[in-house]
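Input: a single structure, listed below in structure tokens.
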Amino acid sequence: MAQPFFGGIHPNDKKAATNKKPIEKLPPPARVVIPMSMHIGAPCKPCVAVGDTVTVGQRVGEPVAFVSAPVHASISGKVVAVEPRIHFSGVPVMSVVIENDFNDTICPDIRPVEKPNELSAEELSEIIKNAGIVGMGGATFPTHVKISSGLGKVDTVIINASECEPYITSDHRFLLEYPEEVIGGATILARVFGVDRVHIGVEANKQNAAELLRLKIEEAKAPVVVEVLHTRYPQGAEKQLCQSITGRQVPPGALPAAIGCAVFNTVTTAAIYRAVYTGMPVTHRVVTVSGSGVNEPKNLECPIGTPICELLDACGGVKKSTFKILMGGPMMGHAQYDMDAPIGKGTNAILAFCEDEERTVEHPACIRCGKCMSVCPMKLQPVFMYQYERAGMLQELEDAHVMDCMECGACTYICPGRLHLVQAFRAGKQKINNAKAAAKAAAEAAAKAAEAKKEA
Amino acid sequence: MDYKELNLIGSSSPHIRTKDGTAHIMAEVLIALVPALAFSVYNFGWYVLTVTAVSVVGCCFFEWLYRTLMKKNNTIGDCSAAVTGVLIAFVCPPNIPLWIILIGDFFAIVIVKQLFGGIGKNFLNPALAARAFMLSWASAMSTWVAPGSHLPVFGTVDVVTSATPMAYLHENNLQGLMEVYDLRDMFVGFIGGSLGEVSALLLILGGVWMIFRKIITWYIPVSYIGTVAVLTFLFPRGNDPMTWMLYNVLGGGLILGAFFMATDYVTSPVSHKGQVIFGVGCGLITVFIRYFGSYSEGVCYAILVMNLTVWIIDKNTRPSRFGVVKEPKAPKEAKEPEKKKEAAAK
């Protein structure tokens, strides 16, 4: 068993609702809405026009910056609109709307790499970039950037199969049904980074996946080792996963590359394999639809851009008393209010709640129990940071290292006084950034004014 | 299905919370106090139960009254007033008049807790602050009923009094104490003393329950009791340090204070390191008062004094954050190039 990280919580994982259900294919949706922004970085520019016929895997959005990833059509058919549409972030985002011709014609340009075993790091990075691969665990950081910035620094490659958020089983099912693809992807990464072995971190609540992986690794003689991790949230957070597997801690403000680690999600790894061996870009993904409000929880494979309502319909709809629908896990997911919002590359779950999951109270009160401190994986002191934020003491808040907070929400989960801790820190971080930006702008304006005076 | 008819909430993550709220924690504390209360009823009679019930009702009433008069949200549901009520009863003599209890309830809830903003805002332990105030009625607060007294439900003026173990120890009369109570009496609780403090065994049981249920951590109780034990063992009065130490640990309010008073979240440090410092401080002051004070017991004042130091302990015991690993060699290496530069400059 890998070593434990600092703090963490152990909520009821609720995975039993879907972890034995095989991945089902969603009935093809009539139309998909493909947003130009499904990744961290600059949004893409649409490269098709209304009336164009597109095929599966055809590029519909071009990246305009290095930190970005192209976007592809997930179904074949006709482009019926290129306009801002409601996005899972809650605001309209430029999107390409495709009407399905139900033929699933594959783009003719798609073909496997000729000599997959002789790929250089640069070539692979290019393939990954063209396939639009981003961190598919939810963070959606463009994978080619991670690879090119990590080359030469990385001595430990980690595949993140911890899936520590409750309810979600999409990665678990993926591991059980496509273990070869994950191992194949890991093998490619091992060669590119020049490491002897790649670590796959699997939480202890997925023993069957760990055993299957070990079996397949032995069959393939792949340079991969399975590390069983403690079932504890946020085990799947990059920094915590690196700490569990290597014992090293990422310095404040730095990325895992700073300690020689590179972390890739399970599905991202398989997407790399697919891009190399089939040439297929990211067009589909597995989404867990679960939660107390869902009538028939399922794991669904669906085209990217499918509206949320289609997935919910495929699961028998939701209960009338549903009060919250989430995209992503219950700890870090985003509440949705419009079910026309589409599934993105990083969407691992759609959850609907109708019971007492929330447990908020009208008048939260801190009793100074210190539980927030003992669960904080970054070893911060939420109990005091909350007081600073409420009092508007931004300098003290910053000195308490609020910028280290990765917003995992463990403090809010555990708080018996029901304080909105992480929510306050989000607001506090924003206030600090705003204040800094304002100070910088003021300084620049002053410098300009001084210069203007000099010239005059 | 039409999803537009749903009443959806949009709020930022996390979207789930633990079941265990403040009321749950307070309920666990109350459960942990039940065995000691039951033993007290056996030891002193039914009046003990009357005192405790009046104290709980009094605390809840004053909390309700203050919050209602001040037009604030009602907080008796969090059960913290009930815990304060039980603890006030526990630190009073078994035959305390009920009106003094009610004065204590008022002082604890209104003066110590609510005037500073209610739950989580007080800087003194309400029950101990109330006890310190109630000592204004000195004779009622120092009339100690003999064990096995059978006080009737509504009390009686006709009681047999006896000296508490602390009084013997204060007079350096260990021999006399050993003749009255043997160690078994001290441990199980067949002794005189405050209503809830007599049974070390059942209080430890309650404390271990709270540690097991993760309501409290072991840092404060262990460092507090440990400090008292070590000091009394090192500086015994008489020639039997072991016995002197055991009587000192088991007598008086040490066990009750260490598990149930000093661990009060609101008035103790939040970090584990801070909690150890706090416990050791409580132990030092307790022994200091017991040895050199004119009052025979020091637990109440020791904890109250340490309550006042919590902010400074908190400020100086911040844990080092994630990713900052101490490297003692780093500064040296950093200095060397500077020296070289200096040498080069010369």
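Ordered as shown in the structure tokens, chains take letters A, B, and onward, while each chain numbers its residues from 1 and ligands are numbered from 1 in the order shown.
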Item to complete: Could you give me the residues within stretch 16-97 of chain A that DSSP places in strand (DSSP E or B), as a PyMOL selection string?
Response: chain A and resi 24-25+31-35+45-46+53-54+56+59-62+71-72+77-86+92-97
Include C-alpha atoms and write out the residues we just selected as a compact mmCIF listing (two decimals), in the first residue's frame.
# COMPACT_ATOMS: atom_id res chain seq x y z
CA GLU A 24 -23.56 1.34 -22.22
CA LYS A 25 -23.58 3.23 -25.49
CA ARG A 31 -27.73 16.92 -32.43
CA VAL A 32 -24.61 17.79 -30.49
CA VAL A 33 -23.32 21.15 -29.32
CA ILE A 34 -19.52 21.24 -29.41
CA PRO A 35 -18.13 24.12 -27.38
CA LYS A 45 -11.76 29.30 -33.37
CA PRO A 46 -14.49 27.49 -35.33
CA THR A 53 -21.03 18.47 -43.83
CA VAL A 54 -18.74 17.04 -41.16
CA VAL A 56 -16.64 11.88 -37.01
CA ARG A 59 -11.59 19.12 -36.79
CA VAL A 60 -14.22 21.83 -36.15
CA GLY A 61 -12.22 24.14 -33.89
CA GLU A 62 -8.64 25.36 -34.40
CA VAL A 71 -11.93 20.36 -31.03
CA HIS A 72 -13.39 17.62 -33.24
CA GLY A 77 -23.85 15.28 -40.15
CA LYS A 78 -24.51 18.89 -41.02
CA VAL A 79 -23.41 22.01 -39.20
CA VAL A 80 -26.63 23.87 -38.42
CA ALA A 81 -25.30 26.68 -36.26
CA VAL A 82 -22.03 28.30 -35.20
CA GLU A 83 -23.00 30.57 -32.36
CA PRO A 84 -22.63 31.03 -28.58
CA ARG A 85 -24.58 28.35 -26.72
CA ILE A 86 -25.07 27.59 -23.05
CA PRO A 92 -22.69 31.03 -23.34
CA VAL A 93 -19.59 29.90 -25.25
CA MET A 94 -19.01 29.84 -29.02
CA SER A 95 -20.11 26.38 -30.18
CA VAL A 96 -20.57 24.33 -33.32
CA VAL A 97 -23.98 22.65 -33.49
Discussion item. Which residues are near A:Val67? Cut-off 12 Å, only C-alpha atoms, ignore same chain within fewer than 2 positions. Put them as a ChimeraX atom specification.
Written reply: /A:37,39-44,63-65,69-70,129,132-134,140-149
Practice prompt. Could you tell me which of B:Cys300, B:Leu6, B:Val222, B:Ile111 comes closest to chain A if we count only C-alpha atoms?
Written response: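 Under the stated criterion, the closest residue is B:Leu6.
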Worksheet item: Quick one: of A:Asn103, A:Cys369, A:Arg197, A:Cys315, who's nearest to B:Thr263, counting only C-alpha atoms?
Response: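 Checking each candidate against B:Thr263, we get A:Cys369 as the closest.
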Using only C-alpha atoms, what does the table of chain B residues within 6 Å of chain A look like, with each row giving the shortest atom pair and its distance in Å to one decimal, sorted by chain and ascending number, as a tab-separated table?
residue	atom	partner	partner_atom	distance
B:Asn7	CA	A:Phe323	CA	5.7
B:Leu8	CA	A:Phe323	CA	4.6
B:Ile9	CA	A:Lys324	CA	5.5
B:Gly10	CA	A:Ala335	CA	5.2
B:Ser13	CA	A:Met332	CA	5.2
B:Pro14	CA	A:Met331	CA	4.1
B:His15	CA	A:Pro330	CA	5.1
B:Ile16	CA	A:Glu358	CA	4.9
B:Arg17	CA	A:Tyr413	CA	4.3
B:Thr18	CA	A:Ile414	CA	5.7
B:Asp20	CA	A:Pro416	CA	6.0
B:Gly21	CA	A:Pro416	CA	3.8
B:Thr22	CA	A:Pro416	CA	4.9
B:Gly120	CA	A:Ile367	CA	4.3
B:Tyr265	CA	A:Cys369	CA	4.9
B:Val266	CA	A:Arg368	CA	5.2
B:Val270	CA	A:Gly370	CA	5.0
B:Arg321	CA	A:Lys379	CA	4.9
B:Phe322	CA	A:Met378	CA	4.7
B:Gly323	CA	A:Pro251	CA	4.1
Discussion item. Which residues are near A:Ala257? Cut-off 7 Å, only C-alpha atoms, ignore same chain within fewer than 5 positions. Put them as number ranges by chain.
Written reply: A: 150, 153-154, 262
Keeping only C-alpha atoms, write those residues as a PDB file, in the first residue's frame.
ATOM      1  CA  GLY A 150       7.888  17.868 -18.479  1.00  0.00           C
ATOM      2  CA  LYS A 153      12.585  16.928 -15.825  1.00  0.00           C
ATOM      3  CA  VAL A 154      10.398  13.916 -15.198  1.00  0.00           C
ATOM      4  CA  ALA A 262       4.074  13.815 -14.427  1.00  0.00           C
TER       5      ALA A 262
END
Item to complete: Can you pull out every residue within 9 Å of B:Val57, counting only C-alpha atoms, but drop anything in the same chain fewer than 5 positions away, and send it as a VMD selection string?
Response: chain B and resid 52 62 81 to 82 85
Item to complete: Going by DSSP on the backbone, which bits of stretch 85-225 of chain B are helix (DSSP H, G or I)? Write them as a PyMOL selection string, please.
Response: chain B and resi 85-90+98-116+126-134+138-141+165-170+174-180+183-188+200-212+219-225
For the interface of stretch 266-340 of chain B with stretch 172-187 of chain B (cut-off 12 Å, counting only C-alpha atoms), please tabulate each contacting residue of stretch 266-340 of chain B alongside its nearest pair of atoms and their separation in Å to one decimal, rows sorted by chain and increasing number, as a tab-separated table.
residue	atom	partner	partner_atom	distance
B:Arg290	CA	B:Asn172	CA	10.7
B:Tyr291	CA	B:Asn172	CA	9.4
B:Phe292	CA	B:Asn172	CA	11.7
B:Ser296	CA	B:Asn172	CA	10.7
